[in-house]
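Structure file my_file_3.csv with CSV, C-alpha atoms:
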```csv
chain,number,residue,atom,x,y,z
A,1,MET,CA,331.7,64.6,382.6
A,2,PRO,CA,332.0,66.0,379.1
A,3,ARG,CA,330.1,64.2,376.3
A,4,ALA,CA,331.8,62.6,373.4
A,5,SER,CA,331.9,64.5,370.1
A,6,ARG,CA,329.2,63.9,367.5
A,7,THR,CA,329.6,60.7,365.5
A,8,PRO,CA,329.3,61.2,361.8
A,9,VAL,CA,326.6,58.9,360.4
A,10,ILE,CA,326.3,58.1,356.7
A,11,VAL,CA,323.1,56.6,355.5
A,12,VAL,CA,323.2,54.2,352.6
A,13,ASP,CA,319.7,53.0,351.4
A,14,GLY,CA,318.0,51.6,348.4
A,15,LEU,CA,315.7,48.7,347.5
A,16,SER,CA,316.7,45.1,348.1
A,17,GLY,CA,319.4,43.9,345.8
A,18,ALA,CA,320.5,47.4,344.7
A,19,GLY,CA,324.1,47.0,346.0
A,20,LYS,CA,323.9,48.9,349.3
A,21,THR,CA,326.2,46.5,351.3
A,22,THR,CA,328.8,46.3,348.6
A,23,PHE,CA,328.9,50.1,348.3
A,24,ALA,CA,329.0,50.5,352.1
A,25,HIS,CA,332.1,48.3,352.3
A,26,ALA,CA,333.8,50.2,349.5
A,27,LEU,CA,333.0,53.5,351.2
A,28,ALA,CA,334.3,52.2,354.6
A,29,ASP,CA,337.5,51.2,352.9
A,30,ALA,CA,337.9,54.7,351.3
A,31,LEU,CA,337.2,56.4,354.6
A,32,GLY,CA,339.8,54.3,356.3
A,33,ASP,CA,342.4,55.8,354.0
A,34,LEU,CA,341.6,59.3,355.3
A,35,PRO,CA,343.9,60.7,358.0
A,36,ARG,CA,341.0,62.3,359.8
A,37,TRP,CA,339.4,59.0,360.9
A,38,ASP,CA,340.6,55.7,362.0
A,39,GLY,CA,338.3,53.8,359.7
A,40,ALA,CA,334.5,53.7,359.6
A,41,ARG,CA,332.2,51.2,361.1
A,42,ILE,CA,329.3,49.6,359.2
A,43,LEU,CA,326.0,48.8,360.9
A,44,SER,CA,323.8,46.7,358.6
A,45,LEU,CA,320.1,46.9,359.1
A,46,ASP,CA,320.1,43.1,358.6
A,47,THR,CA,321.0,42.9,362.2
A,48,LEU,CA,318.1,45.1,363.3
A,49,TYR,CA,315.1,43.7,361.3
A,50,GLU,CA,312.7,41.6,363.3
A,51,GLY,CA,312.6,38.8,360.8
A,52,TRP,CA,311.1,38.8,357.3
A,53,HIS,CA,308.2,41.0,358.4
A,54,GLY,CA,310.4,43.4,360.4
A,55,LEU,CA,311.6,46.2,358.0
A,56,ALA,CA,309.7,48.9,359.9
A,57,ALA,CA,311.1,47.6,363.3
A,58,GLY,CA,314.6,47.8,361.8
A,59,SER,CA,314.0,51.4,360.7
A,60,ARG,CA,312.8,52.4,364.2
A,61,CYS,CA,315.8,50.8,365.8
A,62,ALA,CA,318.1,52.6,363.3
A,63,GLU,CA,316.5,55.9,364.3
A,64,GLU,CA,317.2,55.3,368.0
A,65,ILE,CA,320.8,54.4,367.2
A,66,VAL,CA,321.4,57.5,365.1
A,67,GLU,CA,319.8,59.7,367.7
A,68,ALA,CA,322.1,58.4,370.4
A,69,LEU,CA,325.3,58.7,368.2
A,70,ALA,CA,324.3,62.2,367.0
A,71,SER,CA,324.0,63.2,370.7
A,72,GLY,CA,327.4,61.9,371.5
A,73,GLU,CA,326.0,59.0,373.5
A,74,PRO,CA,326.6,55.3,373.1
A,75,ALA,CA,323.9,53.5,371.1
A,76,ARG,CA,322.5,50.4,372.7
A,77,TYR,CA,320.6,47.8,370.7
A,78,ARG,CA,319.8,44.2,370.6
A,79,PRO,CA,320.5,42.6,367.3
A,80,TRP,CA,318.1,40.2,365.7
A,81,ASP,CA,319.0,36.5,365.8
A,82,TRP,CA,317.7,35.1,362.6
A,83,GLN,CA,318.3,31.5,363.9
A,84,THR,CA,316.2,31.9,367.1
A,85,GLY,CA,313.7,34.5,365.7
A,86,ALA,CA,314.3,36.8,368.7
A,87,ARG,CA,316.5,39.7,369.9
A,88,GLY,CA,319.9,38.7,371.1
A,89,ASP,CA,322.1,40.2,373.9
A,90,GLU,CA,322.6,44.0,374.0
A,91,GLU,CA,325.4,45.5,372.0
A,92,VAL,CA,326.9,48.9,372.3
A,93,LEU,CA,328.0,51.2,369.5
A,94,ARG,CA,330.2,53.8,371.0
A,95,PRO,CA,330.6,57.4,369.6
A,96,GLY,CA,333.7,58.2,367.6
A,97,ALA,CA,334.6,57.0,364.1
A,98,PRO,CA,332.0,57.4,361.4
A,99,VAL,CA,329.2,54.9,361.2
A,100,ILE,CA,327.8,53.8,357.9
A,101,LEU,CA,324.2,52.7,358.4
A,102,GLU,CA,323.2,50.6,355.5
A,103,GLY,CA,320.1,48.7,354.5
A,104,CYS,CA,316.6,48.9,353.3
A,105,GLY,CA,314.8,51.3,355.6
A,106,ALA,CA,318.0,53.1,356.8
A,107,LEU,CA,316.7,56.4,355.3
A,108,THR,CA,313.9,57.8,357.4
A,109,SER,CA,313.0,61.4,358.1
A,110,GLU,CA,314.8,61.1,361.5
A,111,THR,CA,318.0,59.5,360.1
A,112,ARG,CA,318.0,62.1,357.2
A,113,ARG,CA,317.8,64.9,359.7
A,114,ARG,CA,320.8,63.6,361.7
A,115,ALA,CA,323.0,62.1,359.0
A,116,VAL,CA,326.0,64.0,357.6
A,117,LEU,CA,325.5,62.2,354.2
A,118,VAL,CA,322.8,60.2,352.6
A,119,ILE,CA,323.4,58.0,349.6
A,120,TRP,CA,320.6,56.3,347.6
A,121,ILE,CA,321.6,53.2,345.7
A,122,GLU,CA,319.8,51.9,342.6
A,123,ALA,CA,320.5,48.9,340.4
A,124,SER,CA,321.1,49.7,336.7
A,125,GLY,CA,318.8,46.9,335.6
A,126,GLY,CA,315.8,47.8,337.8
A,127,ALA,CA,313.7,45.3,339.6
A,128,GLN,CA,314.8,42.3,337.5
A,129,GLU,CA,318.4,43.0,338.3
A,130,ARG,CA,317.8,43.6,341.9
A,131,TYR,CA,315.9,40.2,342.1
A,132,ARG,CA,318.8,38.5,340.3
A,133,ARG,CA,321.4,39.9,342.7
A,134,ALA,CA,319.4,39.2,345.8
A,135,ILE,CA,318.7,35.6,344.9
A,136,THR,CA,322.3,35.1,343.8
A,137,ARG,CA,323.4,36.4,347.1
A,138,ASP,CA,321.0,34.6,349.4
A,139,GLY,CA,319.6,31.8,347.2
A,140,ASP,CA,316.9,29.5,348.6
A,141,LEU,CA,316.8,31.4,351.9
A,142,TYR,CA,315.5,34.6,350.3
A,143,GLU,CA,313.5,33.5,347.4
A,144,PRO,CA,310.3,32.5,349.3
A,145,TRP,CA,310.4,35.9,351.1
A,146,TRP,CA,311.1,38.2,348.1
A,147,GLU,CA,307.5,39.3,347.7
A,148,VAL,CA,306.9,39.8,351.4
A,149,TRP,CA,310.1,41.9,351.6
A,150,ALA,CA,309.3,43.8,348.4
A,151,GLU,CA,305.9,44.8,349.7
A,152,GLN,CA,307.4,46.3,352.9
A,153,ASP,CA,310.1,48.0,350.9
A,154,GLU,CA,307.6,49.6,348.5
A,155,ALA,CA,305.3,50.6,351.4
A,156,ARG,CA,308.0,52.5,353.1
A,157,LEU,CA,308.7,54.4,350.0
A,158,VAL,CA,305.1,55.5,349.7
A,159,ASP,CA,305.0,56.4,353.4
A,160,LEU,CA,308.2,58.4,353.2
A,161,GLY,CA,307.8,60.3,350.1
A,162,GLY,CA,305.7,59.4,347.2
A,163,ARG,CA,307.1,56.5,345.2
A,164,GLU,CA,304.8,53.8,344.2
A,165,SER,CA,305.0,50.6,342.3
A,166,ASP,CA,304.6,50.7,338.5
A,167,GLY,CA,302.8,47.3,338.8
A,168,ASP,CA,306.0,45.4,337.9
A,169,GLY,CA,307.6,45.7,341.3
A,170,ALA,CA,309.7,48.8,340.5
A,171,ALA,CA,309.2,51.9,342.4
A,172,VAL,CA,308.5,55.0,340.4
A,173,PRO,CA,308.2,58.7,341.4
A,174,GLY,CA,304.9,60.4,341.8
A,175,GLY,CA,302.8,58.6,344.4
A,176,GLY,CA,301.3,60.5,347.3
A,177,GLY,CA,302.6,59.6,350.8
A,178,ALA,CA,303.0,61.3,354.1
A,179,LEU,CA,305.5,63.8,352.8
A,180,GLY,CA,303.6,64.7,349.6
A,181,GLU,CA,305.1,64.4,346.2
A,182,ALA,CA,308.8,64.2,347.3
A,183,ASP,CA,310.9,61.5,345.8
A,184,LEU,CA,313.3,59.7,348.1
A,185,ARG,CA,316.0,60.3,345.5
A,186,GLY,CA,315.5,64.0,346.5
A,187,TRP,CA,316.3,63.1,350.1
A,188,ALA,CA,319.7,61.8,349.1
A,189,ASP,CA,322.9,63.9,348.8
A,190,PHE,CA,324.0,61.4,346.1
A,191,VAL,CA,322.3,58.8,344.0
A,192,VAL,CA,324.6,55.9,342.9
A,193,VAL,CA,323.6,53.5,340.2
A,194,THR,CA,325.4,50.1,340.5
```
Give the structure from this file in C-alpha cells form.
Amino acid sequence: MPRASRTPVIVVDGLSGAGKTTFAHALADALGDLPRWDGARILSLDTLYEGWHGLAAGSRCAEEIVEALASGEPARYRPWDWQTGARGDEEVLRPGAPVILEGCGALTSETRRRAVLVIWIEASGGAQERYRRAITRDGDLYEPWWEVWAEQDEARLVDLGGRESDGDGAAVPGGGGALGEADLRGWADFVVVT
C-alpha cells in the first residue's frame, strides 16, 4: 500500500504571551485561501503539555507527531485533560493538509529538521507585555503558575541554543547551552514581532 505524501508542518514558537496562537490562526486563515491546500490544521501544544510542569513532555510529544507526519504516517497522541490531570483518549492526526504546530516548546532540534517553515514570535513590549497578555487571556488560572512556566520556558531556551535570562525574566542572546552560542531566533525562517 503506498504511503501518503509528506504533510507540511509549520512550527510557530515563542515565549508565553508572545502571540503565537493569534498568529497561528491568522496564518491558517491565509493558507486556507491558497488553492493548493484545503485549509491548514492547528495543533496547539496546550493539548500536549502534561500540566503546569509539562512543557518538556509537550515538546517530546510534538516531536513524535512531526516525525510521523513527515513520514506520511498518521500521528497518534493522547491530549492532556487539564480537568482530570491525565492523558485523554487517543486522537489521530492524519497526513494531508498542512499542520501548524504552535506553542511554547514547539521548536526543537527535531521539529526544526522536519518543518517546512519555522516562525519565532516575540512581543514588542518584552516580558512585561507578555505577562500582561497571558494574564489578560487566562486570568486567575495562569497567574499563580506564571513563574513555574517561565522557568521551564527559559530553561528550554538555554538547552536549545544559548539564550538566558537577563534577570528580569526576559531571554537574551548569548548564554551557553547544548548547541553552543546559537540563538533560537537564528533557528527561525522568520521572526515576527507582535
Taking a cut-off of 8 Å and counting all atoms listed in the file, can you build a table that, for each residue of stretch 42-128 of chain A near stretch 24-35 of chain A, reports the nearest atom pair and how far apart they are in Å (one decimal), sorted by chain then residue number, as CSV?
```
residue,atom,partner,partner_atom,distance
A:Ile42,CA,A:Ala24,CA,7.2
A:Ile100,CA,A:Ala24,CA,6.8
A:Glu102,CA,A:Ala24,CA,6.7
```
Grab the atom CA of A:Glu110 to atom CA of A:Glu67 distance for me, in Å with one decimal place. 8.1 Å
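Distance-wise, atom CA of A:Glu154 and atom CA of A:His53 end up 13.1 Å apart.
In terms of minimum interatomic distance to A:Val9, A:Pro98 ranks closest within A:Pro98, A:Gly39, A:Pro144, A:Gly126, counting only C-alpha atoms.
For the choices A:Ile65, A:Asp13, A:Arg114, A:Thr84, the atom-to-atom distance to A:Arg156 is smallest for A:Asp13 when using all atoms listed in the file.
A straight line drawn from atom CA of A:Leu93 to atom CA of A:Arg133 is 29.8 Å long.
Close contacts of A:Pro79, defined as residues with an atom at most 10 Å away when counting only C-alpha atoms, with chain neighbours fewer than 2 positions off set aside, comprise Leu45, Asp46, Thr47, Leu48, Tyr49, Glu50, Gly58, Cys61, Arg76, Tyr77, Asp81, Trp82, Ala86, Arg87, Gly88, Asp89, Glu90 and Glu91 of chain A.
Each of A:Lys20, A:Arg6, A:Arg94, A:Arg132 was checked against A:Ser71 using only C-alpha atoms; the smallest atom-to-atom distance is that of A:Arg6.
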Using all atoms listed in the file, collect all residues at a distance of at most 6 Å from (316.0, 49.5, 357.2) as written in the file, then present them as a ChimeraX atom specification. /A:45,55,58-59,103-106
Restrict the selected residues to C-alpha atoms and save them as a PDB file, in the frame of the given file.
```
ATOM      1  CA  LEU A  45     320.100  46.900 359.100  1.00  0.00           C
ATOM      2  CA  LEU A  55     311.600  46.200 358.000  1.00  0.00           C
ATOM      3  CA  GLY A  58     314.600  47.800 361.800  1.00  0.00           C
ATOM      4  CA  SER A  59     314.000  51.400 360.700  1.00  0.00           C
ATOM      5  CA  GLY A 103     320.100  48.700 354.500  1.00  0.00           C
ATOM      6  CA  CYS A 104     316.600  48.900 353.300  1.00  0.00           C
ATOM      7  CA  GLY A 105     314.800  51.300 355.600  1.00  0.00           C
ATOM      8  CA  ALA A 106     318.000  53.100 356.800  1.00  0.00           C
TER       9      ALA A 106
END
```
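Considering the residues A:Ala70, A:Ala40, A:Ala56, A:Val192 and counting only C-alpha atoms, A:Thr111 has its shortest atom-to-atom contact with A:Ala70.
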